[in-house]
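Take a look at the structure set out below.
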Amino acid sequence: MTIDLHCHSTASDGALAPDALIERACARGITVLALTDHDTLDGLPAAHAAAAERGMTLINGIELSCLWGGATIHVLGYDFQVDSPSLRAAIDALHQGRWERAALIGERLAAKGMPGAFDGARTIQQAQGESGNAPARPHFAEFLVRAGHVRDRAEAFSKWLGSGKLGDVKQHWPSLADTVRVLREAGAWISLAHPWQYDFTRSKRRRLIADFAAAGGHALEVVNGMQPAEQVGSLATLAREFGLMASVGSDFHAPGDWSELGLYRALPGDLSPLWRHFGRPLSRNAEQEPV
């Protein structure tokens with residue numbers, strides 16, 4: 001594969017600094033990459049510089065957190081104006097919310113007999129690379145492993161940090177509709193991240209996608225890493241039903257952890273790839289109709 005539209009650096013919860021991420025992507029033959037750190041653009045300058053040195057096309061990307069139906073949802077924005085005032089304001093609010101969220105996760109873990117989690121997670125984060133963003137749940141998971149509270153990161157999420165657990169703090173996120181609006185104002189192409197990872201029934205997932213399309217979203221992340229083939233097929237069906245394009249990505253966070261850069265299942269051939277629209281003037285028009 002030569003395209004990867006979903007990956008993370010140390011600017012959010014990835015293990016590699018932006019320049020090291022670009023180096024690894026190039027080594028794996030990727031020619032078009034989108035860096036989609038959570039709720040921050042901090043990694044983009046270094047990533048663009050490293051990509052330019054290696055002749056790689058780097059797409060401006062971000063993965064924004066929001067709320068829909070009481071659940072945390074992630075929306076991917078691509079090829080946007082980084083100086084958009086509305087996007088910058090939204091990121092600033094999310095940045096503050098993430099620090100409050102991290103502090104609350106630490107307090108909740110301490111109340112359950114696991115003190116020092118906030119400082120421990122921050123230390124782990126900083127050891128991976130300097131970041132002005134708050135420590136995220138993977139950093140807390142690593143702390144829990146090192147402190148002996150859980151066997152591995154999977155247990156950390158299943159017991160303490162996963163969806164619906166005490167570490168799943170989400171009350172500060174904006175709404176799905178507001179998040180899509182902000183990205184449209186920045187001229188972004190917009191995809192709904194990993195729709196199958198949310199713990200929804202089929203009917204609730206379909207309602208989510210219907211609301212996302214109605215809000216002005218453009219695409220579904222039909223392929224996220226090596227998810228089961230039947231999930232790819234179901235998401236492809238929903239993309240066709242709602243007239244949405246498709247995006248693909250590994251959701252890379254760390255070498256040997258989750259998906260590797262450029263590693264994901266094939267996209268069904270009849271779907272319209274979102275990345276074919278990157279760089280077009282239409283993507284700069286916040287008033288465009290959904291595709």
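Following the order of the structure tokens, first chain is A, next is B, and so on, with residues numbered from 1 inside each chain and ligands from 1 in the order they appear.
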
| said: Need the shell around His172 (chain A): protein/DNA/RNA residues with any atom at most 12 Å away, counting only C-alpha atoms. Skip same-chain ones fewer than 6 positions apart. Format as a list of chain:residue names? | reply: A:Ser65, A:Cys66, A:Leu67, A:Gly70, A:Ala71, A:Thr72, A:Ala90, A:Ala93, A:Leu94, A:His95, A:Gln96, A:Gly97, A:Arg98, A:Trp99, A:Glu100, A:Arg101, A:Ala102, A:Leu104

Requested write-out: C-alpha atoms of the selected residues, as a short mmCIF file (atom, residue, chain, number, x, y, z; two decimals), in the first residue's frame:
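Result written to again.cif:
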data_model
loop_
_atom_site.label_atom_id
_atom_site.label_comp_id
_atom_site.auth_asym_id
_atom_site.auth_seq_id
_atom_site.Cartn_x
_atom_site.Cartn_y
_atom_site.Cartn_z
CA SER A 65 -13.22 13.99 19.52
CA CYS A 66 -16.93 14.69 19.82
CA LEU A 67 -20.15 13.36 21.32
CA GLY A 70 -23.83 9.93 24.75
CA ALA A 71 -20.78 8.20 23.22
CA THR A 72 -17.37 9.52 22.22
CA ALA A 90 -12.04 24.28 18.71
CA ALA A 93 -10.99 24.11 23.81
CA LEU A 94 -10.25 20.41 23.26
CA HIS A 95 -6.68 20.90 24.47
CA GLN A 96 -7.89 22.32 27.77
CA GLY A 97 -10.51 19.61 28.03
CA ARG A 98 -7.92 16.89 27.50
CA TRP A 99 -5.84 18.17 30.42
CA GLU A 100 -8.94 18.22 32.62
CA ARG A 101 -9.81 14.73 31.39
CA ALA A 102 -6.33 13.38 32.16
CA LEU A 104 -9.80 13.25 36.28
#

| Just asking: which residues within region 98-205 of chain A are alpha helix (DSSP H) according to DSSP, as a ChimeraX atom specification? | /A:98-111,117-128,137-146,153-156,176-185,202-205

| task | Go through A:Gly249, A:Pro228, A:Gly187, A:Pro195 and flag the residue nearest Gly279 (chain A), using only C-alpha atoms for the distances. | result | A:Gly187

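Counting only C-alpha atoms and comparing A:Met56, A:Leu183, A:Ala188, A:Ala121, the residue that lies closest to Ile91 (chain A) is A:Leu183.
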
Return as a Markdown table the residues of region 162-204 of chain A lying at most 6 Å from region 215-219 of chain A, together with the closest atom-to-atom pair for each and the distance in Å to one decimal, counting only C-alpha atoms, with rows in chain order and ascending residue number.
| residue | atom | partner | partner_atom | distance |
| --- | --- | --- | --- | --- |
| A:Ala177 | CA | A:Ala215 | CA | 5.5 |
| A:Ile190 | CA | A:His218 | CA | 5.3 |
| A:Ser191 | CA | A:Ala219 | CA | 4.4 |

Any chance you can output those residues with all heavy atoms as a JSON list (two decimals), in the first residue's frame?
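And here's result32.json as it stands now:
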[["chain", "number", "residue", "atom", "x", "y", "z"],
["A", 177, "ALA", "N", -22.31, 17.33, 15.29],
["A", 177, "ALA", "CA", -22.69, 18.34, 14.30],
["A", 177, "ALA", "C", -21.77, 19.55, 14.37],
["A", 177, "ALA", "O", -21.35, 20.09, 13.33],
["A", 177, "ALA", "CB", -24.14, 18.75, 14.52],
["A", 190, "ILE", "N", -14.00, 15.37, 5.20],
["A", 190, "ILE", "CA", -14.33, 14.83, 6.53],
["A", 190, "ILE", "C", -14.77, 13.38, 6.43],
["A", 190, "ILE", "O", -15.65, 13.03, 5.64],
["A", 190, "ILE", "CB", -15.46, 15.67, 7.17],
["A", 190, "ILE", "CG1", -15.12, 17.16, 7.10],
["A", 190, "ILE", "CG2", -15.70, 15.24, 8.60],
["A", 190, "ILE", "CD1", -16.31, 18.07, 7.35],
["A", 191, "SER", "N", -14.17, 12.55, 7.28],
["A", 191, "SER", "CA", -14.49, 11.13, 7.32],
["A", 191, "SER", "C", -14.81, 10.71, 8.76],
["A", 191, "SER", "O", -14.20, 11.20, 9.71],
["A", 191, "SER", "CB", -13.32, 10.29, 6.80],
["A", 191, "SER", "OG", -13.63, 8.90, 6.78]]
